[in-house]
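One file, work-v9.tsv, carrying TSV, C-alpha atoms:
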chain	number	residue	atom	x	y	z
F	1	MET	CA	38.68	-88.66	-85.98
F	2	SER	CA	38.29	-85.50	-88.05
F	3	VAL	CA	35.29	-83.17	-88.07
F	4	GLY	CA	34.27	-84.51	-91.49
F	5	GLN	CA	34.44	-88.12	-90.31
F	6	ARG	CA	32.38	-87.34	-87.21
F	7	LEU	CA	29.86	-85.48	-89.38
F	8	ARG	CA	29.52	-88.46	-91.72
F	9	GLN	CA	29.28	-90.91	-88.83
F	10	ARG	CA	26.50	-88.93	-87.16
F	11	ARG	CA	24.60	-88.53	-90.44
F	12	MET	CA	24.70	-92.29	-91.02
F	13	GLU	CA	23.57	-92.94	-87.43
F	14	LEU	CA	20.46	-90.93	-88.30
F	15	ASN	CA	19.99	-92.87	-91.58
F	16	MET	CA	20.21	-89.55	-93.43
F	17	THR	CA	21.54	-89.22	-96.96
F	18	GLN	CA	23.87	-86.45	-98.05
F	19	THR	CA	21.06	-85.11	-100.21
F	20	GLU	CA	18.67	-84.93	-97.25
F	21	LEU	CA	21.25	-83.22	-95.03
F	22	ALA	CA	22.04	-80.76	-97.81
F	23	ARG	CA	18.34	-79.94	-98.24
F	24	ARG	CA	17.89	-79.26	-94.54
F	25	LEU	CA	21.02	-77.10	-94.44
F	26	GLY	CA	20.07	-75.19	-97.58
F	27	VAL	CA	23.21	-76.19	-99.49
F	28	THR	CA	24.02	-78.57	-102.35
F	29	PRO	CA	24.93	-82.24	-101.80
F	30	ALA	CA	28.40	-81.43	-103.15
F	31	VAL	CA	28.93	-79.02	-100.23
F	32	VAL	CA	28.07	-81.75	-97.72
F	33	SER	CA	30.37	-84.17	-99.54
F	34	ASN	CA	33.21	-81.64	-99.34
F	35	TYR	CA	32.59	-81.19	-95.61
F	36	GLU	CA	32.69	-84.92	-94.95
F	37	SER	CA	35.81	-85.47	-97.06
F	38	GLY	CA	37.58	-82.61	-95.31
F	39	GLN	CA	38.05	-80.76	-98.56
F	40	ASN	CA	36.29	-77.70	-97.15
F	41	PRO	CA	35.66	-76.67	-93.53
F	42	VAL	CA	32.09	-76.18	-92.36
F	43	ARG	CA	31.10	-72.56	-92.84
F	44	SER	CA	30.66	-70.82	-89.51
F	45	GLU	CA	27.18	-69.55	-90.45
F	46	LEU	CA	26.00	-73.18	-90.80
F	47	LEU	CA	27.37	-74.28	-87.43
F	48	GLU	CA	24.19	-73.81	-85.37
F	49	LYS	CA	21.96	-75.29	-88.05
F	50	LEU	CA	24.22	-78.33	-88.45
F	51	ILE	CA	24.16	-78.97	-84.71
F	52	GLN	CA	20.37	-78.72	-84.76
F	53	VAL	CA	19.84	-80.96	-87.80
F	54	LEU	CA	22.19	-83.67	-86.52
F	55	ASP	CA	20.86	-83.33	-82.95
F	56	VAL	CA	24.33	-83.53	-81.44
F	57	GLU	CA	26.29	-81.64	-78.81
F	58	PRO	CA	28.74	-79.18	-80.39
F	59	ASN	CA	31.66	-80.48	-78.32
F	60	VAL	CA	31.06	-83.94	-79.81
F	61	LEU	CA	30.92	-82.90	-83.44
F	62	PHE	CA	33.46	-80.06	-83.28
F	63	GLN	CA	36.09	-81.23	-80.84
F	64	ASP	CA	38.75	-79.45	-82.86
F	65	ILE	CA	37.34	-76.12	-81.71
F	66	TYR	CA	38.55	-76.82	-78.21
F	67	ARG	CA	41.81	-78.44	-79.24
F	68	GLY	CA	42.98	-75.44	-81.25
F	69	ALA	CA	43.38	-77.50	-84.41
F	70	GLY	CA	42.64	-74.60	-86.73
F	71	PHE	CA	38.88	-74.96	-87.16
F	72	PRO	CA	37.80	-71.60	-88.61
F	73	VAL	CA	35.69	-70.32	-85.72
F	74	SER	CA	36.40	-66.99	-84.06
F	75	GLY	CA	36.53	-66.45	-80.31
F	76	GLU	CA	33.12	-64.81	-80.41
F	77	GLU	CA	31.65	-67.80	-82.24
F	78	ARG	CA	33.26	-70.15	-79.75
F	79	ARG	CA	31.65	-68.26	-76.85
F	80	LEU	CA	28.27	-68.50	-78.58
F	81	VAL	CA	28.66	-72.27	-78.82
F	82	GLU	CA	29.53	-72.44	-75.12
F	83	ARG	CA	26.46	-70.37	-74.25
F	84	TYR	CA	24.30	-72.59	-76.45
F	85	ARG	CA	25.49	-75.63	-74.52
F	86	GLY	CA	24.41	-73.99	-71.26
F	87	LEU	CA	20.84	-73.31	-72.38
F	88	THR	CA	17.82	-75.43	-71.55
F	89	THR	CA	15.95	-77.21	-74.30
F	90	VAL	CA	13.45	-74.35	-74.47
F	91	GLY	CA	16.31	-71.86	-74.60
F	92	ARG	CA	17.98	-73.71	-77.47
F	93	GLN	CA	14.72	-73.86	-79.41
F	94	THR	CA	14.22	-70.12	-78.87
F	95	LEU	CA	17.76	-69.37	-80.05
F	96	GLN	CA	17.25	-71.53	-83.13
F	97	SER	CA	14.01	-69.72	-83.96
F	98	VAL	CA	15.72	-66.34	-83.64
F	99	ALA	CA	18.61	-67.51	-85.83
F	100	GLU	CA	16.21	-68.77	-88.51
F	101	ALA	CA	14.29	-65.48	-88.43
F	102	LEU	CA	17.54	-63.53	-88.83
F	103	GLU	CA	18.61	-65.76	-91.72
F	104	ALA	CA	15.28	-65.18	-93.47
F	105	TYR	CA	15.61	-61.42	-92.93
F	106	GLN	CA	19.16	-61.47	-94.29
F	107	ALA	CA	18.04	-63.47	-97.33
F	108	ASP	CA	15.47	-60.77	-98.11
F	109	LEU	CA	18.23	-58.15	-97.99
F	110	ASP	CA	20.67	-60.06	-100.17
F	111	LEU	CA	21.17	-58.55	-103.60
F	112	PRO	CA	21.19	-60.83	-106.63
F	113	ALA	CA	24.60	-61.95	-107.84
F	114	PRO	CA	26.04	-59.64	-110.47
F	115	GLU	CA	25.27	-60.67	-114.02
F	116	VAL	CA	28.24	-62.26	-115.75
F	117	ARG	CA	28.42	-61.85	-119.51
F	118	GLN	CA	31.05	-62.17	-122.20
F	119	ILE	CA	32.32	-59.59	-124.66
F	120	PRO	CA	35.23	-59.77	-127.13
F	121	LEU	CA	38.60	-58.29	-126.12
F	122	TYR	CA	40.53	-57.55	-129.30
F	123	ARG	CA	44.14	-58.64	-129.04
F	124	CYS	CA	45.59	-55.90	-131.23
F	125	PRO	CA	46.08	-52.70	-129.21
F	126	ALA	CA	44.70	-49.32	-130.18
F	127	ALA	CA	45.88	-46.04	-128.88
F	128	ALA	CA	47.95	-43.83	-128.52
F	129	GLY	CA	49.58	-46.55	-130.62
F	130	LEU	CA	48.63	-48.81	-133.47
F	131	ALA	CA	46.40	-51.81	-134.01
F	132	ALA	CA	44.88	-53.85	-136.78
F	133	PRO	CA	43.06	-51.69	-139.35
F	134	VAL	CA	39.96	-53.90	-139.15
F	135	PHE	CA	38.25	-55.63	-136.25
F	136	GLY	CA	38.07	-59.24	-137.38
F	137	GLU	CA	38.52	-62.58	-135.64
F	138	ASP	CA	41.55	-61.56	-133.59
F	139	PHE	CA	39.94	-61.50	-130.14
F	140	ASP	CA	39.34	-63.45	-126.94
F	141	TYR	CA	36.11	-63.48	-124.98
F	142	ILE	CA	36.35	-62.03	-121.47
F	143	GLU	CA	33.81	-62.16	-118.66
F	144	VAL	CA	32.49	-58.85	-117.36
F	145	THR	CA	30.29	-58.18	-114.36
F	146	GLY	CA	28.40	-55.26	-112.89
F	147	ASP	CA	31.43	-52.98	-112.54
F	148	VAL	CA	31.71	-52.81	-116.35
F	149	PRO	CA	29.26	-50.44	-118.10
F	150	ARG	CA	26.22	-52.40	-119.25
F	151	GLY	CA	26.42	-50.86	-122.69
F	152	ALA	CA	29.88	-52.30	-123.39
F	153	GLU	CA	29.89	-54.33	-126.60
F	154	PHE	CA	33.61	-55.03	-126.89
F	155	ALA	CA	36.93	-54.15	-125.29
F	156	VAL	CA	40.27	-52.93	-126.62
F	157	ARG	CA	43.67	-52.84	-124.95
F	158	ILE	CA	45.30	-49.41	-125.16
F	159	GLN	CA	48.95	-48.92	-125.97
F	160	GLY	CA	50.88	-45.71	-125.38
F	161	ASP	CA	50.60	-42.63	-123.17
F	162	SER	CA	48.80	-40.10	-125.37
F	163	MET	CA	45.47	-40.51	-123.51
F	164	GLU	CA	46.82	-40.36	-119.97
F	165	PRO	CA	45.79	-39.77	-117.25
F	166	TYR	CA	42.27	-40.75	-118.37
F	167	ILE	CA	43.38	-43.93	-120.12
F	168	ARG	CA	46.71	-45.41	-119.11
F	169	ASP	CA	49.17	-47.39	-121.18
F	170	GLY	CA	48.23	-51.07	-121.18
F	171	SER	CA	44.73	-50.58	-119.78
F	172	ILE	CA	41.53	-52.04	-121.22
F	173	VAL	CA	38.73	-49.74	-122.38
F	174	TYR	CA	35.13	-50.78	-122.96
F	175	VAL	CA	33.42	-49.63	-126.13
F	176	ASN	CA	29.93	-49.53	-127.61
F	177	ARG	CA	28.81	-48.68	-131.12
F	178	ASP	CA	26.72	-45.62	-130.29
F	179	PRO	CA	27.23	-42.54	-132.53
F	180	LEU	CA	29.86	-40.13	-131.23
F	181	ALA	CA	29.11	-36.61	-130.07
F	182	SER	CA	31.71	-33.89	-130.09
F	183	GLY	CA	34.00	-34.42	-127.08
F	184	ASP	CA	33.51	-38.19	-126.89
F	185	VAL	CA	36.50	-40.55	-126.92
F	186	GLY	CA	36.38	-43.17	-129.63
F	187	ILE	CA	38.28	-45.93	-131.39
F	188	PHE	CA	39.20	-44.90	-134.96
F	189	CYS	CA	40.96	-46.29	-137.98
F	190	VAL	CA	42.66	-43.44	-139.82
F	191	ASP	CA	44.50	-44.36	-143.02
F	192	GLY	CA	44.99	-47.88	-141.70
F	193	GLU	CA	46.13	-46.90	-138.19
F	194	MET	CA	44.01	-47.72	-135.15
F	195	LEU	CA	43.80	-44.84	-132.70
F	196	CYS	CA	42.05	-44.00	-129.44
F	197	LYS	CA	41.37	-40.26	-129.49
F	198	GLN	CA	38.93	-37.57	-128.41
F	199	TYR	CA	36.64	-36.61	-131.28
F	200	VAL	CA	35.73	-33.00	-132.10
F	201	ARG	CA	34.04	-31.76	-135.28
F	202	ASP	CA	33.63	-28.05	-136.01
F	203	ARG	CA	30.97	-26.26	-138.03
F	204	LEU	CA	33.05	-26.40	-141.20
F	205	GLY	CA	33.36	-30.19	-141.03
F	206	MET	CA	36.95	-30.21	-139.77
F	207	VAL	CA	37.60	-33.29	-137.60
F	208	TYR	CA	40.06	-33.13	-134.72
F	209	LEU	CA	41.28	-36.29	-133.01
F	210	PHE	CA	42.91	-35.06	-129.82
F	211	SER	CA	45.36	-36.71	-127.46
F	212	LEU	CA	44.16	-35.98	-123.92
F	213	ASN	CA	47.76	-35.93	-122.75
F	214	ARG	CA	48.76	-32.53	-124.11
F	215	LYS	CA	52.42	-33.43	-123.75
F	216	ARG	CA	51.66	-35.76	-126.66
F	217	ALA	CA	49.97	-33.16	-128.85
F	218	ASP	CA	52.28	-34.41	-131.59
F	219	ALA	CA	49.96	-37.41	-131.85
F	220	ASP	CA	46.88	-35.28	-132.64
F	221	VAL	CA	45.22	-35.93	-135.99
F	222	PHE	CA	43.48	-33.25	-138.09
F	223	LEU	CA	41.18	-34.20	-140.95
F	224	PRO	CA	39.90	-31.36	-143.14
F	225	ARG	CA	36.53	-31.97	-144.76
F	226	ASP	CA	37.94	-32.62	-148.25
F	227	SER	CA	41.29	-34.10	-147.23
F	228	GLY	CA	40.65	-37.39	-148.99
F	229	ARG	CA	41.96	-39.30	-145.97
F	230	SER	CA	40.00	-42.30	-144.69
F	231	MET	CA	38.53	-42.44	-141.19
F	232	VAL	CA	36.29	-45.11	-139.71
F	233	CYS	CA	34.91	-44.93	-136.18
F	234	PHE	CA	34.46	-48.31	-134.49
F	235	GLY	CA	32.74	-47.05	-131.37
F	236	ARG	CA	32.59	-44.81	-128.34
F	237	VAL	CA	34.84	-45.48	-125.35
F	238	LEU	CA	32.75	-45.68	-122.17
F	239	LEU	CA	34.30	-43.35	-119.59
F	240	PRO	CA	32.82	-42.17	-116.25
F	241	ALA	CA	32.69	-38.59	-117.59
F	242	ARG	CA	33.50	-36.79	-120.80
F	243	PRO	CA	37.02	-35.29	-120.58
F	244	PRO	CA	37.42	-31.55	-121.28
F	245	VAL	CA	38.28	-30.72	-124.87
F	246	PRO	CA	41.90	-29.60	-125.24
F	247	SER	CA	42.61	-26.11	-126.44
F	248	LEU	CA	44.10	-25.77	-129.90
F	249	SER	CA	46.44	-23.12	-128.55
F	250	LEU	CA	48.29	-25.70	-126.39
Go through the file and emit its structure as structure tokens.
Amino acid sequence: MSVGQRLRQRRMELNMTQTELARRLGVTPAVVSNYESGQNPVRSELLEKLIQVLDVEPNVLFQDIYRGAGFPVSGEERRLVERYRGLTTVGRQTLQSVAEALEAYQADLDLPAPEVRQIPLYRCPAAAGLAAPVFGEDFDYIEVTGDVPRGAEFAVRIQGDSMEPYIRDGSIVYVNRDPLASGDVGIFCVDGEMLCKQYVRDRLGMVYLFSLNRKRADADVFLPRDSGRSMVCFGRVLLPARPPVPSLSL
């Protein structure tokens, strides 16, 4: 008989529903159902509580521990079970109280799960290379969590090496629509070409769109104030720090 079958048998002997057992363990009924069906092994941190709730000897419920059948319990956990079996009733109750107090303390320390949200990832690459001249419907939603800057409003996949090593070919950058300051990296549409470049504007209104990889200075774009060329900025690329502005002499 498997661990799950023994668990179910003991629960039914106590006239306990899966919902009641789940409530006393602090898990969902689906978790208990998965344990009993053998779909998932019992988590080691629930071992002591399960033994207590079902009022059963551990060697009865978890015979596989001693038969080496792959039950996921470490040697240290196995020794703890053996010590538990050797305690008096008062000793077991004391151990259970200590375990519950530690669980409550740990719960107070637990941080909330990271927020999961969705932002659009535009399929057409920018760069260093080219992309669609307009951000339209050509995107997929992607989930982002706490490791992505909170201000990110959309994402773009970069193509080409002109922004390395800060932004590598094929990587995804996160963008918001905040106004750019001189030295920021942005996503631009210049004369119909989508570019990821570092933005600099001088006192005379000259706009420089720099490649951070100075070996690709050939991909720089210069826009005099009255050039008549079109430039639209779609947003600021969110980087850990603002890269140094390249020298025009390089």
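With CA of Glu103 (chain F) on one side and CA of Asn40 (chain F) on the other, the separation reads 22.0 Å.
Take the candidates F:Ala99, F:Tyr199, F:Val185, F:Leu80 and check each one against Ala241 (chain F) using only C-alpha atoms; the shortest distance goes to F:Val185.
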- Message: Could you tell me how far CA of Arg83 (chain F) sits from CA of Arg8 (chain F), in Å to one decimal place?
- Response: 25.3 Å
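Taking only C-alpha atoms into account, Val53 (chain F) lies nearest to F:Gln96 out of the set F:Gln96, F:Gln159, F:Ser211, F:Gln5.
The spacing separating CA of Glu153 (chain F) from CA of Asn176 (chain F) amounts to 4.9 Å.
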- Using only C-alpha atoms, which of F:Val27, F:Leu204, F:Val156, F:Ala181 sits nearest Asp226 (chain F)? F:Leu204
- Message: Under the rule that all atoms listed in the file are counted, which of F:Val237, F:Met12, F:Ala155, F:Leu87 is the nearest residue to Lys197 (chain F)?
- Response: F:Val237
- Measuring atom to atom with all atoms listed in the file, identify which of F:Val56, F:Thr28, F:Gly4, F:Asp202 is nearest to Pro41 (chain F). F:Gly4
- Using only C-alpha atoms, what residues lie at most 7 Å away from (38.3, -62.8, -127.2) (file coordinates), given as a PyMOL selection string? chain F and resi 120-122+139-142
Next, dump the selected residues to file, keeping only C-alpha atoms, as a PDB file, keeping the file's coordinate frame.
ATOM      1  CA  PRO F 120      35.230 -59.770-127.130  1.00  0.00           C
ATOM      2  CA  LEU F 121      38.600 -58.290-126.120  1.00  0.00           C
ATOM      3  CA  TYR F 122      40.530 -57.550-129.300  1.00  0.00           C
ATOM      4  CA  PHE F 139      39.940 -61.500-130.140  1.00  0.00           C
ATOM      5  CA  ASP F 140      39.340 -63.450-126.940  1.00  0.00           C
ATOM      6  CA  TYR F 141      36.110 -63.480-124.980  1.00  0.00           C
ATOM      7  CA  ILE F 142      36.350 -62.030-121.470  1.00  0.00           C
TER       8      ILE F 142
END
- Residues at most 8 Å from Ser230 (chain F), counting all atoms listed in the file, excluding those fewer than 4 positions away in the same chain, as an MDAnalysis selection string? chainID F and resid 189:191
- Task: Choose the residue, out of F:Glu100, F:Asp147, F:Glu20, F:Asp218, that has the smallest atom-to-atom separation from Val116 (chain F); count all atoms listed in the file.
- Result: F:Asp147
- Using all atoms listed in the file, what residues lie at most 12 Å away from (45.2, -36.7, -123.3) (file coordinates), given as an MDAnalysis selection string? chainID F and resid 127:128 160:169 185 196:199 209:220 242:247 250
Any chance you could export the current selection's C-alpha atoms as a PDB file, in the coordinates of the input?
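Result file follows (selection.pdb):
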ATOM      1  CA  ALA F 127      45.880 -46.040-128.880  1.00  0.00           C
ATOM      2  CA  ALA F 128      47.950 -43.830-128.520  1.00  0.00           C
ATOM      3  CA  GLY F 160      50.880 -45.710-125.380  1.00  0.00           C
ATOM      4  CA  ASP F 161      50.600 -42.630-123.170  1.00  0.00           C
ATOM      5  CA  SER F 162      48.800 -40.100-125.370  1.00  0.00           C
ATOM      6  CA  MET F 163      45.470 -40.510-123.510  1.00  0.00           C
ATOM      7  CA  GLU F 164      46.820 -40.360-119.970  1.00  0.00           C
ATOM      8  CA  PRO F 165      45.790 -39.770-117.250  1.00  0.00           C
ATOM      9  CA  TYR F 166      42.270 -40.750-118.370  1.00  0.00           C
ATOM     10  CA  ILE F 167      43.380 -43.930-120.120  1.00  0.00           C
ATOM     11  CA  ARG F 168      46.710 -45.410-119.110  1.00  0.00           C
ATOM     12  CA  ASP F 169      49.170 -47.390-121.180  1.00  0.00           C
ATOM     13  CA  VAL F 185      36.500 -40.550-126.920  1.00  0.00           C
ATOM     14  CA  CYS F 196      42.050 -44.000-129.440  1.00  0.00           C
ATOM     15  CA  LYS F 197      41.370 -40.260-129.490  1.00  0.00           C
ATOM     16  CA  GLN F 198      38.930 -37.570-128.410  1.00  0.00           C
ATOM     17  CA  TYR F 199      36.640 -36.610-131.280  1.00  0.00           C
ATOM     18  CA  LEU F 209      41.280 -36.290-133.010  1.00  0.00           C
ATOM     19  CA  PHE F 210      42.910 -35.060-129.820  1.00  0.00           C
ATOM     20  CA  SER F 211      45.360 -36.710-127.460  1.00  0.00           C
ATOM     21  CA  LEU F 212      44.160 -35.980-123.920  1.00  0.00           C
ATOM     22  CA  ASN F 213      47.760 -35.930-122.750  1.00  0.00           C
ATOM     23  CA  ARG F 214      48.760 -32.530-124.110  1.00  0.00           C
ATOM     24  CA  LYS F 215      52.420 -33.430-123.750  1.00  0.00           C
ATOM     25  CA  ARG F 216      51.660 -35.760-126.660  1.00  0.00           C
ATOM     26  CA  ALA F 217      49.970 -33.160-128.850  1.00  0.00           C
ATOM     27  CA  ASP F 218      52.280 -34.410-131.590  1.00  0.00           C
ATOM     28  CA  ALA F 219      49.960 -37.410-131.850  1.00  0.00           C
ATOM     29  CA  ASP F 220      46.880 -35.280-132.640  1.00  0.00           C
ATOM     30  CA  ARG F 242      33.500 -36.790-120.800  1.00  0.00           C
ATOM     31  CA  PRO F 243      37.020 -35.290-120.580  1.00  0.00           C
ATOM     32  CA  PRO F 244      37.420 -31.550-121.280  1.00  0.00           C
ATOM     33  CA  VAL F 245      38.280 -30.720-124.870  1.00  0.00           C
ATOM     34  CA  PRO F 246      41.900 -29.600-125.240  1.00  0.00           C
ATOM     35  CA  SER F 247      42.610 -26.110-126.440  1.00  0.00           C
ATOM     36  CA  LEU F 250      48.290 -25.700-126.390  1.00  0.00           C
TER      37      LEU F 250
END
- Query: Could you name the residues that touch Arg11 (chain F) at 10 Å or less, counting all atoms listed in the file, but leaving out those on the same chain fewer than 5 positions away, as a PyMOL selection string?
  - Reply: chain F and resi 5-6+16-18+20-21+36+53-55
Draw an axis-aligned box tight on the listed atoms of region 21-39 of chain F, then pad every side by 6 Å and write out centre and edge lengths in Å to one decimal as lines of an AutoDock Vina configuration file.
center_x = 28.0
center_y = -80.3
center_z = -98.8
size_x = 32.2
size_y = 22.3
size_z = 20.7
For region 147-157 of chain F, supply all heavy atoms and report the output as a PDB file, in the frame of the given file.
ATOM      1  N   ASP F 147      30.579 -54.160-112.587  1.00  0.00           N
ATOM      2  CA  ASP F 147      31.430 -52.980-112.540  1.00  0.00           C
ATOM      3  C   ASP F 147      31.810 -52.480-113.923  1.00  0.00           C
ATOM      4  O   ASP F 147      32.391 -51.404-114.058  1.00  0.00           O
ATOM      5  CB  ASP F 147      32.703 -53.268-111.728  1.00  0.00           C
ATOM      6  CG  ASP F 147      33.486 -54.460-112.273  1.00  0.00           C
ATOM      7  OD1 ASP F 147      32.874 -55.266-112.993  1.00  0.00           O
ATOM      8  OD2 ASP F 147      34.678 -54.562-111.969  1.00  0.00           O
ATOM      9  N   VAL F 148      31.476 -53.222-114.968  1.00  0.00           N
ATOM     10  CA  VAL F 148      31.710 -52.810-116.350  1.00  0.00           C
ATOM     11  C   VAL F 148      30.412 -52.186-116.867  1.00  0.00           C
ATOM     12  O   VAL F 148      29.333 -52.716-116.615  1.00  0.00           O
ATOM     13  CB  VAL F 148      32.133 -54.006-117.216  1.00  0.00           C
ATOM     14  CG1 VAL F 148      32.219 -53.611-118.680  1.00  0.00           C
ATOM     15  CG2 VAL F 148      33.465 -54.551-116.729  1.00  0.00           C
ATOM     16  N   PRO F 149      30.495 -51.050-117.584  1.00  0.00           N
ATOM     17  CA  PRO F 149      29.260 -50.440-118.100  1.00  0.00           C
ATOM     18  C   PRO F 149      28.420 -51.432-118.887  1.00  0.00           C
ATOM     19  O   PRO F 149      28.926 -52.188-119.705  1.00  0.00           O
ATOM     20  CB  PRO F 149      29.799 -49.320-119.010  1.00  0.00           C
ATOM     21  CG  PRO F 149      31.155 -48.994-118.474  1.00  0.00           C
ATOM     22  CD  PRO F 149      31.705 -50.286-117.933  1.00  0.00           C
ATOM     23  N   ARG F 150      27.104 -51.422-118.627  1.00  0.00           N
ATOM     24  CA  ARG F 150      26.220 -52.400-119.250  1.00  0.00           C
ATOM     25  C   ARG F 150      26.192 -52.264-120.764  1.00  0.00           C
ATOM     26  O   ARG F 150      25.918 -53.220-121.480  1.00  0.00           O
ATOM     27  CB  ARG F 150      24.791 -52.251-118.692  1.00  0.00           C
ATOM     28  CG  ARG F 150      24.662 -52.690-117.240  1.00  0.00           C
ATOM     29  CD  ARG F 150      23.191 -52.713-116.832  1.00  0.00           C
ATOM     30  NE  ARG F 150      22.414 -53.620-117.634  1.00  0.00           N
ATOM     31  CZ  ARG F 150      22.312 -54.928-117.409  1.00  0.00           C
ATOM     32  NH1 ARG F 150      22.970 -55.476-116.413  1.00  0.00           N
ATOM     33  NH2 ARG F 150      21.569 -55.679-118.189  1.00  0.00           N
ATOM     34  N   GLY F 151      26.462 -51.068-121.258  1.00  0.00           N
ATOM     35  CA  GLY F 151      26.420 -50.860-122.690  1.00  0.00           C
ATOM     36  C   GLY F 151      27.637 -51.352-123.439  1.00  0.00           C
ATOM     37  O   GLY F 151      27.681 -51.271-124.669  1.00  0.00           O
ATOM     38  N   ALA F 152      28.640 -51.867-122.733  1.00  0.00           N
ATOM     39  CA  ALA F 152      29.880 -52.300-123.390  1.00  0.00           C
ATOM     40  C   ALA F 152      29.606 -53.443-124.348  1.00  0.00           C
ATOM     41  O   ALA F 152      29.000 -54.446-123.989  1.00  0.00           O
ATOM     42  CB  ALA F 152      30.909 -52.706-122.342  1.00  0.00           C
ATOM     43  N   GLU F 153      30.078 -53.291-125.588  1.00  0.00           N
ATOM     44  CA  GLU F 153      29.890 -54.330-126.600  1.00  0.00           C
ATOM     45  C   GLU F 153      31.192 -55.050-126.927  1.00  0.00           C
ATOM     46  O   GLU F 153      31.166 -56.189-127.373  1.00  0.00           O
ATOM     47  CB  GLU F 153      29.309 -53.718-127.871  1.00  0.00           C
ATOM     48  CG  GLU F 153      27.927 -53.099-127.660  1.00  0.00           C
ATOM     49  CD  GLU F 153      27.374 -52.470-128.923  1.00  0.00           C
ATOM     50  OE1 GLU F 153      27.356 -53.165-129.967  1.00  0.00           O
ATOM     51  OE2 GLU F 153      26.975 -51.299-128.881  1.00  0.00           O
ATOM     52  N   PHE F 154      32.316 -54.388-126.732  1.00  0.00           N
ATOM     53  CA  PHE F 154      33.610 -55.030-126.890  1.00  0.00           C
ATOM     54  C   PHE F 154      34.655 -54.239-126.130  1.00  0.00           C
ATOM     55  O   PHE F 154      34.359 -53.160-125.584  1.00  0.00           O
ATOM     56  CB  PHE F 154      34.006 -55.183-128.381  1.00  0.00           C
ATOM     57  CG  PHE F 154      34.168 -53.884-129.126  1.00  0.00           C
ATOM     58  CD1 PHE F 154      35.418 -53.279-129.234  1.00  0.00           C
ATOM     59  CD2 PHE F 154      33.094 -53.293-129.759  1.00  0.00           C
ATOM     60  CE1 PHE F 154      35.576 -52.096-129.942  1.00  0.00           C
ATOM     61  CE2 PHE F 154      33.239 -52.104-130.463  1.00  0.00           C
ATOM     62  CZ  PHE F 154      34.486 -51.506-130.556  1.00  0.00           C
ATOM     63  N   ALA F 155      35.847 -54.784-126.038  1.00  0.00           N
ATOM     64  CA  ALA F 155      36.930 -54.150-125.290  1.00  0.00           C
ATOM     65  C   ALA F 155      38.179 -54.101-126.152  1.00  0.00           C
ATOM     66  O   ALA F 155      38.374 -54.935-127.040  1.00  0.00           O
ATOM     67  CB  ALA F 155      37.208 -54.916-123.992  1.00  0.00           C
ATOM     68  N   VAL F 156      39.021 -53.112-125.880  1.00  0.00           N
ATOM     69  CA  VAL F 156      40.270 -52.930-126.620  1.00  0.00           C
ATOM     70  C   VAL F 156      41.359 -52.598-125.621  1.00  0.00           C
ATOM     71  O   VAL F 156      41.137 -51.822-124.678  1.00  0.00           O
ATOM     72  CB  VAL F 156      40.153 -51.787-127.651  1.00  0.00           C
ATOM     73  CG1 VAL F 156      41.470 -51.605-128.405  1.00  0.00           C
ATOM     74  CG2 VAL F 156      39.026 -52.051-128.624  1.00  0.00           C
ATOM     75  N   ARG F 157      42.538 -53.170-125.811  1.00  0.00           N
ATOM     76  CA  ARG F 157      43.670 -52.840-124.950  1.00  0.00           C
ATOM     77  C   ARG F 157      44.424 -51.655-125.551  1.00  0.00           C
ATOM     78  O   ARG F 157      44.757 -51.655-126.728  1.00  0.00           O
ATOM     79  CB  ARG F 157      44.616 -54.026-124.776  1.00  0.00           C
ATOM     80  CG  ARG F 157      45.674 -53.776-123.703  1.00  0.00           C
ATOM     81  CD  ARG F 157      46.549 -54.995-123.501  1.00  0.00           C
ATOM     82  NE  ARG F 157      45.792 -56.145-123.040  1.00  0.00           N
ATOM     83  CZ  ARG F 157      45.436 -56.338-121.770  1.00  0.00           C
ATOM     84  NH1 ARG F 157      45.770 -55.453-120.854  1.00  0.00           N
ATOM     85  NH2 ARG F 157      44.750 -57.415-121.434  1.00  0.00           N
TER      86      ARG F 157
END
